[in-house]
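Everything below belongs to query_34.txt, which stores compact mmCIF, C-alpha atoms.
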# COMPACT_ATOMS: atom_id res chain seq x y z
CA MET H 1422 0.00 0.00 0.00
CA SER H 1423 1.36 3.44 -0.92
CA LEU H 1424 1.57 6.25 1.62
CA LYS H 1425 -1.25 8.03 -0.20
CA ASP H 1426 -3.47 4.97 0.14
CA GLU H 1427 -2.52 4.49 3.79
CA LEU H 1428 -3.39 8.10 4.62
CA ALA H 1429 -6.72 7.74 2.85
CA ALA H 1430 -7.48 4.61 4.87
CA LEU H 1431 -6.53 6.37 8.11
CA ARG H 1432 -8.86 9.27 7.31
CA GLU H 1433 -11.70 6.75 7.09
CA ARG H 1434 -10.74 5.10 10.38
CA ILE H 1435 -9.66 8.23 12.32
CA PRO H 1436 -11.66 11.12 10.81
CA PRO H 1437 -9.69 14.39 11.16
CA VAL H 1438 -11.27 17.49 12.67
CA SER H 1439 -11.20 20.94 11.12
CA ALA H 1440 -8.98 23.64 12.57
CA GLU H 1441 -12.08 25.52 13.77
CA ARG H 1442 -13.43 22.44 15.54
CA ALA H 1443 -10.02 21.74 17.05
CA ALA H 1444 -9.93 25.26 18.48
CA GLU H 1445 -13.37 24.70 20.06
CA LEU H 1446 -12.30 21.39 21.58
CA ALA H 1447 -9.08 22.95 22.92
CA ARG H 1448 -11.10 25.70 24.62
CA ASP H 1449 -13.19 22.95 26.24
CA GLY H 1450 -10.11 21.25 27.68
CA ALA H 1451 -8.74 19.01 24.92
CA LEU H 1452 -4.94 18.82 24.70
CA LEU H 1453 -3.66 20.45 21.51
CA VAL H 1454 -0.21 19.08 20.61
CA ASP H 1455 2.07 20.58 17.95
CA ILE H 1456 4.23 17.71 16.67
CA ARG H 1457 6.27 19.74 14.17
CA GLU H 1458 10.02 20.25 14.42
CA ALA H 1459 11.55 23.21 16.24
CA ASP H 1460 12.41 25.11 13.05
CA GLU H 1461 8.77 24.83 11.94
CA ILE H 1462 7.41 25.90 15.32
CA ALA H 1463 9.67 28.96 15.13
CA GLN H 1464 7.39 30.22 12.35
CA GLY H 1465 4.38 30.09 14.66
CA THR H 1466 2.28 27.72 16.75
CA PRO H 1467 -1.34 27.79 17.97
CA VAL H 1468 -1.78 29.68 21.22
CA GLY H 1469 -1.91 27.13 24.04
CA ALA H 1470 -0.51 24.22 22.01
CA LYS H 1471 2.04 21.92 23.61
CA PRO H 1472 5.13 21.73 21.34
CA LEU H 1473 6.11 18.09 21.93
CA GLY H 1474 7.59 17.21 18.54
CA ARG H 1475 7.17 13.87 16.78
CA GLY H 1476 10.41 12.11 17.67
CA PHE H 1477 9.66 11.47 21.37
CA LEU H 1478 5.92 12.08 21.25
CA GLU H 1479 4.86 8.81 22.85
CA MET H 1480 7.17 9.22 25.86
CA ARG H 1481 6.47 12.92 26.34
CA LEU H 1482 2.72 12.54 25.99
CA GLU H 1483 2.61 9.93 28.73
CA GLN H 1484 3.81 12.59 31.17
CA GLN H 1485 1.28 15.13 29.93
CA VAL H 1486 -1.86 13.00 29.91
CA GLY H 1487 -3.02 11.07 32.97
CA ASP H 1488 -6.28 9.80 31.46
CA PRO H 1489 -5.77 7.77 28.24
CA ASN H 1490 -9.29 8.74 27.17
CA HIS H 1491 -8.59 12.46 27.34
CA THR H 1492 -9.14 14.15 23.97
CA ILE H 1493 -5.83 14.72 22.19
CA LEU H 1494 -5.54 16.90 19.09
CA LEU H 1495 -2.42 16.47 16.96
CA LEU H 1496 -1.26 19.23 14.61
CA CYS H 1497 1.53 19.18 12.03
CA ALA H 1498 2.14 21.36 8.96
CA SER H 1499 -0.51 19.98 6.63
CA GLY H 1500 -2.20 17.04 8.38
CA SER H 1501 -0.26 13.99 7.19
CA ARG H 1502 2.27 13.47 9.99
CA SER H 1503 -0.40 14.12 12.59
CA LEU H 1504 -2.63 11.47 11.06
CA LEU H 1505 0.16 8.88 11.18
CA ALA H 1506 0.92 9.87 14.78
CA ALA H 1507 -2.76 9.59 15.70
CA ASP H 1508 -2.77 6.05 14.36
CA GLN H 1509 0.26 5.14 16.48
CA LEU H 1510 -1.23 6.64 19.65
CA THR H 1511 -4.50 4.83 19.05
CA ARG H 1512 -2.59 1.56 18.83
CA LEU H 1513 -0.96 2.39 22.17
CA GLY H 1514 -4.35 2.64 23.85
CA TYR H 1515 -5.28 6.31 23.72
CA GLY H 1516 -9.03 6.43 23.29
CA ASP H 1517 -9.72 9.82 21.67
CA VAL H 1518 -6.92 11.01 19.39
CA ARG H 1519 -7.69 13.27 16.44
CA SER H 1520 -5.64 14.86 13.69
CA VAL H 1521 -6.19 18.49 12.73
CA GLU H 1522 -7.13 18.55 9.03
CA GLY H 1523 -4.77 20.75 7.05
CA GLY H 1524 -2.48 21.26 10.04
CA PHE H 1525 -0.99 24.62 10.90
CA ASP H 1526 -1.60 25.89 7.36
CA ALA H 1527 -5.34 25.42 7.87
CA TRP H 1528 -5.11 26.93 11.35
CA LYS H 1529 -3.62 30.13 9.96
CA ASP H 1530 -6.01 30.23 6.99
CA ALA H 1531 -8.94 30.02 9.40
CA GLY H 1532 -7.70 33.15 11.19
CA LEU H 1533 -7.20 31.31 14.48
CA ALA H 1534 -4.83 32.67 17.12
CA PHE H 1535 -1.19 31.68 16.94
CA GLU H 1536 2.05 33.01 18.34
CA THR H 1537 5.64 33.16 17.21
CA PRO H 1538 7.71 31.92 20.15
CA ALA H 1539 11.12 33.29 20.99
CA MET H 1540 13.32 30.39 19.94
CA LEU H 1541 16.78 29.25 20.91
CA ASP H 1542 19.76 29.35 18.58
CA ASN H 1543 21.76 26.28 17.59
CA ALA H 1544 24.41 26.90 20.23
CA ASP H 1545 21.76 26.96 22.96
CA ARG H 1546 20.14 23.80 21.63
CA ALA H 1547 23.48 22.04 21.80
CA ARG H 1548 24.32 23.30 25.30
CA TYR H 1549 20.92 22.54 26.83
CA ALA H 1550 20.09 19.44 24.76
CA ARG H 1551 19.50 17.18 27.78
CA GLN H 1552 17.12 19.69 29.35
CA LEU H 1553 15.27 20.33 26.12
CA THR H 1554 14.27 16.67 25.89
CA LEU H 1555 12.35 16.99 29.15
CA PRO H 1556 8.69 17.82 28.42
CA GLU H 1557 8.59 19.87 31.63
CA VAL H 1558 11.25 22.16 30.15
CA GLY H 1559 11.38 21.92 26.35
CA GLU H 1560 12.04 24.92 24.14
CA ALA H 1561 9.43 27.04 25.91
CA GLY H 1562 10.87 26.36 29.37
CA GLN H 1563 14.43 26.92 28.22
CA THR H 1564 13.37 30.26 26.76
CA LYS H 1565 11.86 31.18 30.13
CA LEU H 1566 15.15 30.32 31.79
CA ARG H 1567 17.02 32.44 29.25
CA ASP H 1568 14.74 35.41 29.93
CA ALA H 1569 14.70 35.03 33.73
CA ARG H 1570 16.40 37.38 36.17
CA VAL H 1571 17.42 35.71 39.43
CA LEU H 1572 19.04 37.40 42.42
CA ILE H 1573 21.24 35.26 44.68
CA ILE H 1574 21.93 36.57 48.17
CA GLY H 1575 25.39 35.40 49.20
CA ALA H 1576 28.26 33.89 47.24
CA GLY H 1577 29.03 31.43 50.02
CA GLY H 1578 28.19 27.84 50.85
CA LEU H 1579 24.59 28.01 49.60
CA GLY H 1580 24.98 30.63 46.90
CA SER H 1581 27.89 28.79 45.27
CA PRO H 1582 26.09 25.60 44.17
CA ALA H 1583 22.86 27.50 43.53
CA ALA H 1584 24.65 29.94 41.24
CA TYR H 1585 26.58 27.20 39.45
CA TYR H 1586 23.50 25.18 38.60
CA LEU H 1587 21.38 28.19 37.64
CA ALA H 1588 24.15 29.37 35.34
CA ALA H 1589 24.56 25.90 33.89
CA ALA H 1590 20.79 25.65 33.36
CA GLY H 1591 20.84 28.83 31.29
CA VAL H 1592 19.29 31.47 33.56
CA GLY H 1593 19.96 34.55 31.46
CA HIS H 1594 20.69 37.12 34.16
CA ILE H 1595 22.06 36.28 37.60
CA GLY H 1596 22.76 38.94 40.20
CA ILE H 1597 25.00 37.96 43.13
CA VAL H 1598 25.07 40.01 46.33
CA ASP H 1599 27.92 39.69 48.82
CA HIS H 1600 30.08 42.17 50.73
CA ASP H 1601 32.84 39.78 51.81
CA VAL H 1602 36.18 38.65 50.41
CA VAL H 1603 37.32 35.07 49.87
CA ASP H 1604 39.02 33.50 52.88
CA ARG H 1605 40.89 30.20 52.76
CA SER H 1606 38.46 28.76 55.34
CA ASN H 1607 35.67 29.26 52.78
CA LEU H 1608 37.10 26.93 50.17
CA HIS H 1609 35.94 23.59 51.57
CA ARG H 1610 32.30 24.53 50.86
CA GLN H 1611 32.17 27.72 48.75
CA ILE H 1612 32.92 26.05 45.43
CA LEU H 1613 32.64 29.21 43.33
CA HIS H 1614 36.06 30.26 44.58
CA ARG H 1615 39.62 29.00 44.08
CA ASP H 1616 42.76 29.18 46.18
CA ALA H 1617 44.01 31.91 43.87
CA SER H 1618 40.85 33.90 44.73
CA VAL H 1619 41.74 34.32 48.41
CA GLY H 1620 41.56 38.01 49.29
CA GLN H 1621 39.40 38.89 46.28
CA PRO H 1622 35.79 40.13 46.59
CA LYS H 1623 33.52 37.10 46.50
CA VAL H 1624 31.24 38.59 43.86
CA ARG H 1625 34.19 39.12 41.51
CA SER H 1626 35.44 35.60 42.07
CA ALA H 1627 31.91 34.28 41.50
CA MET H 1628 31.54 36.26 38.29
CA ALA H 1629 34.78 34.81 36.91
CA SER H 1630 33.75 31.23 37.71
CA LEU H 1631 30.23 31.52 36.33
CA SER H 1632 31.29 33.36 33.18
CA ALA H 1633 33.84 30.63 32.51
CA LEU H 1634 31.12 28.00 32.90
CA ASN H 1635 28.56 29.75 30.70
CA PRO H 1636 29.76 32.82 28.80
CA SER H 1637 26.38 33.32 27.13
CA ILE H 1638 24.64 34.57 30.28
CA ASP H 1639 24.87 37.88 32.14
CA ILE H 1640 26.39 37.90 35.64
CA GLU H 1641 25.92 41.02 37.77
CA PRO H 1642 28.25 41.31 40.79
CA ILE H 1643 26.73 43.43 43.58
CA GLU H 1644 29.33 44.10 46.26
CA THR H 1645 27.32 45.28 49.25
CA ARG H 1646 26.01 44.14 52.63
CA VAL H 1647 22.30 43.37 52.71
CA SER H 1648 20.26 45.48 55.11
CA ALA H 1649 16.73 46.70 55.64
CA ASP H 1650 17.82 49.96 54.01
CA ASN H 1651 18.85 48.49 50.66
CA ALA H 1652 16.90 45.20 50.37
CA ALA H 1653 14.02 46.70 48.39
CA GLU H 1654 16.45 48.26 45.90
CA LEU H 1655 18.37 44.98 45.57
CA VAL H 1656 15.35 42.81 44.68
CA ALA H 1657 13.76 45.35 42.34
CA GLY H 1658 13.70 44.17 38.74
CA TYR H 1659 14.26 40.49 39.56
CA ASP H 1660 11.80 37.66 38.95
CA LEU H 1661 13.01 35.42 41.77
CA VAL H 1662 15.32 35.60 44.77
CA VAL H 1663 17.46 32.76 46.13
CA ASP H 1664 18.47 33.48 49.73
CA GLY H 1665 21.82 32.01 50.70
CA SER H 1666 22.53 34.53 53.47
CA ASP H 1667 23.99 33.43 56.79
CA ASN H 1668 22.40 35.86 59.26
CA PHE H 1669 18.90 36.65 60.47
CA SER H 1670 18.96 40.38 59.78
CA ALA H 1671 19.64 39.78 56.08
CA ARG H 1672 17.00 37.04 55.87
CA TYR H 1673 14.29 39.24 57.39
CA ALA H 1674 15.26 42.20 55.20
CA ILE H 1675 15.19 40.14 52.00
CA ASN H 1676 11.93 38.42 53.00
CA ASP H 1677 10.18 41.71 53.68
CA ALA H 1678 11.43 43.20 50.41
CA CYS H 1679 10.26 40.16 48.43
CA VAL H 1680 6.81 40.23 50.03
CA ALA H 1681 6.45 43.95 49.27
CA ALA H 1682 7.63 43.47 45.66
CA ASN H 1683 5.53 40.31 45.11
CA ILE H 1684 8.61 38.19 44.32
CA ALA H 1685 8.96 34.49 45.21
CA LEU H 1686 11.78 33.63 47.62
CA VAL H 1687 13.73 30.36 47.70
CA TYR H 1688 15.08 29.94 51.22
CA GLY H 1689 17.95 27.79 52.47
CA ALA H 1690 19.88 27.39 55.71
CA VAL H 1691 22.50 24.99 57.10
CA GLU H 1692 24.19 24.18 60.40
CA ARG H 1693 26.67 21.36 61.03
CA PHE H 1694 24.99 18.30 59.40
CA SER H 1695 21.51 19.83 59.09
CA GLY H 1696 19.85 21.82 56.33
CA GLN H 1697 16.54 23.39 55.33
CA VAL H 1698 15.13 24.53 52.02
CA GLY H 1699 11.73 25.95 51.16
CA VAL H 1700 9.84 28.32 48.89
CA PHE H 1701 7.87 31.34 50.05
CA PRO H 1702 5.47 32.31 47.25
CA ALA H 1703 5.23 35.77 45.74
CA GLY H 1704 3.45 38.06 48.17
CA GLY H 1705 3.99 35.68 51.09
CA GLN H 1706 1.14 33.80 52.73
CA PRO H 1707 3.31 32.23 54.03
CA CYS H 1708 6.61 34.09 54.19
CA TYR H 1709 9.82 33.63 56.19
CA ARG H 1710 8.35 35.58 59.13
CA CYS H 1711 5.41 33.14 59.22
CA LEU H 1712 7.97 30.39 59.86
CA PHE H 1713 10.22 32.38 62.19
CA ALA H 1714 8.36 35.39 63.56
CA SER H 1715 11.46 36.78 65.22
CA ALA H 1716 15.17 36.04 65.42
CA PRO H 1717 16.38 33.78 68.25
CA PRO H 1718 18.26 35.35 71.15
CA ALA H 1719 21.87 36.26 70.51
CA GLY H 1720 24.07 33.17 70.74
CA ALA H 1721 21.16 30.70 70.42
CA ALA H 1722 21.90 30.05 66.74
CA PRO H 1723 25.67 29.75 66.24
CA THR H 1724 27.27 30.66 62.93
CA CYS H 1725 29.12 28.16 60.72
CA ALA H 1726 32.37 29.55 62.10
CA GLU H 1727 31.21 28.74 65.63
CA ALA H 1728 29.36 25.44 65.08
CA GLY H 1729 31.11 24.14 61.97
CA VAL H 1730 29.56 22.63 58.85
CA LEU H 1731 30.39 19.71 56.60
CA GLY H 1732 31.02 21.27 53.20
CA VAL H 1733 28.74 18.93 51.27
CA VAL H 1734 25.69 19.92 53.36
CA PRO H 1735 25.39 23.47 51.94
CA GLY H 1736 26.17 21.85 48.60
CA LEU H 1737 23.04 19.72 48.92
CA VAL H 1738 20.85 22.56 50.13
CA GLY H 1739 22.11 25.08 47.58
CA THR H 1740 21.57 22.56 44.80
CA LEU H 1741 18.00 22.02 45.98
CA GLN H 1742 17.50 25.79 45.99
CA ALA H 1743 18.61 25.89 42.35
CA LEU H 1744 16.24 23.03 41.55
CA GLU H 1745 13.28 24.84 43.09
CA ALA H 1746 14.21 28.06 41.29
CA ILE H 1747 14.31 26.25 37.94
CA LYS H 1748 10.95 24.58 38.62
CA LEU H 1749 9.40 27.94 39.47
CA ILE H 1750 10.81 29.61 36.35
CA VAL H 1751 9.66 26.95 33.89
CA GLY H 1752 6.26 26.70 35.56
CA MET H 1753 6.28 23.24 37.11
CA ALA H 1754 3.38 22.71 39.49
CA ASP H 1755 4.99 20.56 42.19
CA THR H 1756 7.41 22.80 44.08
CA LEU H 1757 8.28 23.42 47.72
CA SER H 1758 5.95 26.43 47.75
CA ALA H 1759 4.67 26.89 51.32
CA ARG H 1760 6.66 23.81 52.36
CA LEU H 1761 9.92 23.26 54.20
CA LEU H 1762 12.23 20.33 53.44
CA THR H 1763 14.65 19.46 56.24
CA LEU H 1764 17.74 17.28 56.05
CA ASP H 1765 19.77 15.42 58.66
CA ALA H 1766 22.84 14.42 56.66
CA ARG H 1767 24.20 12.17 59.40
CA THR H 1768 21.25 9.80 59.14
CA GLN H 1769 20.07 10.74 55.63
CA ARG H 1770 16.63 11.56 56.99
CA TRP H 1771 14.50 13.99 55.00
CA HIS H 1772 11.23 15.49 56.20
CA SER H 1773 8.74 17.75 54.43
CA LEU H 1774 6.22 19.88 56.28
CA GLN H 1775 3.67 22.51 55.37
CA VAL H 1776 4.35 26.08 56.45
CA PRO H 1777 1.06 27.69 57.48
CA ALA H 1778 0.42 31.36 56.81
CA ASP H 1779 0.29 33.49 59.92
CA PRO H 1780 -2.67 35.88 59.66
CA SER H 1781 -0.95 38.21 62.10
CA CYS H 1782 2.40 38.20 60.27
CA VAL H 1783 3.88 41.69 60.23
CA ALA H 1784 5.16 41.19 56.65
CA CYS H 1785 2.41 39.34 54.77
CA GLY H 1786 -0.56 39.06 57.18
CA GLY H 1787 -3.89 40.59 56.31
Can I see the file as structure tokens?
Amino acid sequence: MSLKDELAALRERIPPVSAERAAELARDGALLVDIREADEIAQGTPVGAKPLGRGFLEMRLEQQVGDPNHTILLLCASGSRSLLAADQLTRLGYGDVRSVEGGFDAWKDAGLAFETPAMLDNADRARYARQLTLPEVGEAGQTKLRDARVLIIGAGGLGSPAAYYLAAAGVGHIGIVDHDVVDRSNLHRQILHRDASVGQPKVRSAMASLSALNPSIDIEPIETRVSADNAAELVAGYDLVVDGSDNFSARYAINDACVAANIALVYGAVERFSGQVGVFPAGGQPCYRCLFASAPPAGAAPTCAEAGVLGVVPGLVGTLQALEAIKLIVGMADTLSARLLTLDARTQRWHSLQVPADPSCVACGG
């Protein structure tokens, strides 16, 4: 049987839907999937369509669709590839798969809404290839990472791994705030810095390391001490803040500034073999003050210099902070928002707990 005959037979068995009907079904909750290649999608794609491509469609779709009987609409350029893909998905057990007749050409001719996404160049596709294959990221998520502006408070034990992984992931603009210089005692955990960096400002050392890792992104060194007086100015213009500070005054100042500016805050803290990481959503409810209404008495919470810390512990927590930041940027639903994850590295025990909003919170309470 020729391809022409096979397509004709498939149209009898799996009747395509018109572009107009597909748009109606998508508005009613059907999943519209663009299976064209990236260079085709760069010319435009229906608003709301999932760009999953044809090559890994079966694997990617399984993560998008929980109910195999959910209506799935497949769109290609002219309707042929989508019809063949619909046949394959039907054989795999999907109960309601339809091909859009005429594909994207028909969609445009019908005057239906489409958008021209900001696409990645070939160098970006090569660098981020393993992320791009993830349906949770894909080209759209990688573009969000490229366009994101993330502020990291502290270029120390937490900020170092967080900054490294955000830079490696392709976050387009990373600001790093720190007032300190590199000390040799930092080097066992603050992996942004090198022995040759001792005595240099941490933000300058961090900029050199991150630029060497990923020269295509913008690193902004901000050499200052965080305080209540400058926190609002520091967070302004950023989409997300990762807090790797090591003192309560900075944490409260950054929290209050993020709540006021409606910016999500990724929190982390470590001591000895223990660590915490959580996400306080934009606007609070809850925020850091809901978790810790006030700082403990002086001396009750020793610093790393006083209590010590195993270098890998801030590495774990800072890496988790980067993970949560990436999930927030690309729009993944399951994050640590309003939750706190705690770690006891000695026993490898992890616990997750909800952080309730405090209605009387001085920062985010009603």
Do you have the atom CA of Ala1498 of chain H-atom CA of Gln1484 of chain H distance handy?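 Taking atom CA of Ala1498 of chain H and atom CA of Gln1484 of chain H, their separation equals 23.9 Å.
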d(atom CA of Val1776 of chain H, atom CA of Pro1707 of chain H) in Å: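 Calculated distance between atom CA of Val1776 of chain H and atom CA of Pro1707 of chain H is 6.7 Å.
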Interatomic distance between atom CA of Leu1655 of chain H and atom CA of Gly1580 of chain H? 15.9 Å
I need the residue nearest Leu1453 of chain H from this list: H:Glu1427, H:Asp1508, H:Phe1525, H:Gln1563. Use all atoms listed in the file for the distance.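 Answer, going by the shortest atom-to-atom distance: H:Phe1525.
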What lies within 10 Å of Gly1689 of chain H using all atoms listed in the file, ignoring chain neighbours under 4 positions off, as a PyMOL selection string? chain H and resi 1579-1580+1663-1667+1672+1696-1700+1735+1738-1742+1761-1763
Write the residues of the preceding selection, restricted to C-alpha atoms, as a short mmCIF file (atom, residue, chain, number, x, y, z; two decimals), keeping the file's coordinate frame.
data_model
loop_
_atom_site.label_atom_id
_atom_site.label_comp_id
_atom_site.auth_asym_id
_atom_site.auth_seq_id
_atom_site.Cartn_x
_atom_site.Cartn_y
_atom_site.Cartn_z
CA LEU H 1579 24.59 28.01 49.60
CA GLY H 1580 24.98 30.63 46.90
CA VAL H 1663 17.46 32.76 46.13
CA ASP H 1664 18.47 33.48 49.73
CA GLY H 1665 21.82 32.01 50.70
CA SER H 1666 22.53 34.53 53.47
CA ASP H 1667 23.99 33.43 56.79
CA ARG H 1672 17.00 37.04 55.87
CA GLY H 1696 19.85 21.82 56.33
CA GLN H 1697 16.54 23.39 55.33
CA VAL H 1698 15.13 24.53 52.02
CA GLY H 1699 11.73 25.95 51.16
CA VAL H 1700 9.84 28.32 48.89
CA PRO H 1735 25.39 23.47 51.94
CA VAL H 1738 20.85 22.56 50.13
CA GLY H 1739 22.11 25.08 47.58
CA THR H 1740 21.57 22.56 44.80
CA LEU H 1741 18.00 22.02 45.98
CA GLN H 1742 17.50 25.79 45.99
CA LEU H 1761 9.92 23.26 54.20
CA LEU H 1762 12.23 20.33 53.44
CA THR H 1763 14.65 19.46 56.24
#
Nearest to Ile1573 of chain H: which of H:Asp1426, H:Ala1743, H:Pro1702, H:Arg1625 is it, counting only C-alpha atoms? H:Ala1743
Given the choices H:Arg1481, H:Arg1548, H:Arg1519, H:Arg1570, which gets closest to Arg1432 of chain H if the distance is worked out from only C-alpha atoms?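 Among the listed residues, H:Arg1519 lies closest to Arg1432 of chain H.
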Pick from H:Leu1553, H:Val1751, H:Leu1513, H:Leu1587, whichever lies nearest to Ile1638 of chain H using only C-alpha atoms: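 Counting only C-alpha atoms, the residue closest to Ile1638 of chain H is H:Leu1587.
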For each of H:Pro1437, H:Gly1562, H:Gly1474, H:Gly1500, take the minimum atom-to-atom distance to Val1518 of chain H, counting only C-alpha atoms, then give the residue where this is smallest.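 Among H:Pro1437, H:Gly1562, H:Gly1474, H:Gly1500, it is H:Pro1437 that comes nearest to Val1518 of chain H.
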Which of H:Gly1487, H:Gly1575, H:Gly1620, H:Gly1465 sits closest to Asp1526 of chain H [using all atoms listed in the file]: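 Among the listed residues, the smallest separation from Asp1526 of chain H belongs to H:Gly1465.
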Give me the residues within 9 Å of segment 1520-1522 of chain H as a PyMOL selection string, counting all atoms listed in the file and dropping any in the same chain fewer than 4 places off. chain H and resi 1435-1440+1442-1443+1493-1497+1499-1507+1527-1528
Give me the residues near Phe1713 of chain H as a list in words, where near means some atom within 12 Å (using all atoms listed in the file) and where sequence neighbours in that chain fewer than 4 positions away do not count.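 Near neighbours after the sequence-gap exclusion: Phe1669, Arg1672, Tyr1673, Asn1676, Pro1707, Cys1708, Tyr1709, Pro1717, Val1776, Pro1777, Ala1778, Asp1779, Cys1782, Val1783 and Ala1784 of chain H.
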Give me the residues within 8 Å of segment 1641-1646 of chain H as a list in words, counting all atoms listed in the file and dropping any in the same chain fewer than 6 places off.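 Using all atoms listed in the file, the neighbours found are His1594, Ile1595, Gly1596, Ile1597, Val1598, Asp1599, His1600, Asp1601, Pro1622, Val1624, Arg1625, Ala1627 and Met1628 of chain H.
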If we count all atoms listed in the file, what is near segment 1590-1593 of chain H at a cut-off of 6 Å, once residues fewer than 2 positions away on the same chain are taken out, given as a list in words? Leu1566, Arg1567, Asp1568, Ala1569, Tyr1586, Leu1587, Ala1588, Ile1638 and Asp1639 of chain H
Would you kindly identify which residues have an atom no farther than 8 Å from (8.5, 43.9, 42.2), using all atoms listed in the file and the file's own coordinates, and write them out as number ranges by chain? H: 1656-1660, 1679, 1681-1684
From the block you just saw, export segment 1646-1658 of chain H: N, CA, C and O atoms, as an mmCIF file, in the first residue's frame.
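Below is the file that was written, result_2.cif:
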data_model
loop_
_atom_site.group_PDB
_atom_site.id
_atom_site.type_symbol
_atom_site.label_atom_id
_atom_site.label_comp_id
_atom_site.auth_asym_id
_atom_site.auth_seq_id
_atom_site.Cartn_x
_atom_site.Cartn_y
_atom_site.Cartn_z
ATOM 1 N N ARG H 1646 26.601 44.893 51.517
ATOM 2 C CA ARG H 1646 26.013 44.145 52.632
ATOM 3 C C ARG H 1646 24.495 44.341 52.604
ATOM 4 O O ARG H 1646 24.011 45.481 52.493
ATOM 5 N N VAL H 1647 23.752 43.278 52.716
ATOM 6 C CA VAL H 1647 22.297 43.367 52.706
ATOM 7 C C VAL H 1647 21.809 43.956 54.026
ATOM 8 O O VAL H 1647 22.254 43.571 55.109
ATOM 9 N N SER H 1648 20.864 44.883 53.919
ATOM 10 C CA SER H 1648 20.262 45.476 55.112
ATOM 11 C C SER H 1648 18.827 45.853 54.804
ATOM 12 O O SER H 1648 18.384 45.820 53.642
ATOM 13 N N ALA H 1649 18.101 46.236 55.839
ATOM 14 C CA ALA H 1649 16.725 46.696 55.644
ATOM 15 C C ALA H 1649 16.690 47.959 54.789
ATOM 16 O O ALA H 1649 15.676 48.247 54.138
ATOM 17 N N ASP H 1650 17.786 48.708 54.766
ATOM 18 C CA ASP H 1650 17.817 49.958 54.011
ATOM 19 C C ASP H 1650 17.959 49.740 52.506
ATOM 20 O O ASP H 1650 17.494 50.562 51.715
ATOM 21 N N ASN H 1651 18.619 48.657 52.099
ATOM 22 C CA ASN H 1651 18.853 48.491 50.662
ATOM 23 C C ASN H 1651 18.175 47.254 50.058
ATOM 24 O O ASN H 1651 18.274 47.019 48.859
ATOM 25 N N ALA H 1652 17.471 46.444 50.867
ATOM 26 C CA ALA H 1652 16.896 45.195 50.369
ATOM 27 C C ALA H 1652 15.886 45.433 49.252
ATOM 28 O O ALA H 1652 15.881 44.720 48.238
ATOM 29 N N ALA H 1653 15.033 46.440 49.413
ATOM 30 C CA ALA H 1653 14.024 46.704 48.386
ATOM 31 C C ALA H 1653 14.682 47.075 47.059
ATOM 32 O O ALA H 1653 14.236 46.631 45.984
ATOM 33 N N GLU H 1654 15.726 47.867 47.114
ATOM 34 C CA GLU H 1654 16.446 48.255 45.897
ATOM 35 C C GLU H 1654 17.137 47.053 45.259
ATOM 36 O O GLU H 1654 17.179 46.916 44.031
ATOM 37 N N LEU H 1655 17.654 46.152 46.095
ATOM 38 C CA LEU H 1655 18.365 44.982 45.572
ATOM 39 C C LEU H 1655 17.435 44.051 44.798
ATOM 40 O O LEU H 1655 17.791 43.552 43.735
ATOM 41 N N VAL H 1656 16.242 43.787 45.321
ATOM 42 C CA VAL H 1656 15.354 42.809 44.683
ATOM 43 C C VAL H 1656 14.578 43.395 43.505
ATOM 44 O O VAL H 1656 14.027 42.645 42.694
ATOM 45 N N ALA H 1657 14.543 44.716 43.406
ATOM 46 C CA ALA H 1657 13.764 45.355 42.339
ATOM 47 C C ALA H 1657 14.274 44.919 40.965
ATOM 48 O O ALA H 1657 15.476 44.889 40.708
ATOM 49 N N GLY H 1658 13.355 44.549 40.098
ATOM 50 C CA GLY H 1658 13.704 44.168 38.738
ATOM 51 C C GLY H 1658 14.037 42.703 38.566
ATOM 52 O O GLY H 1658 14.331 42.259 37.453
#
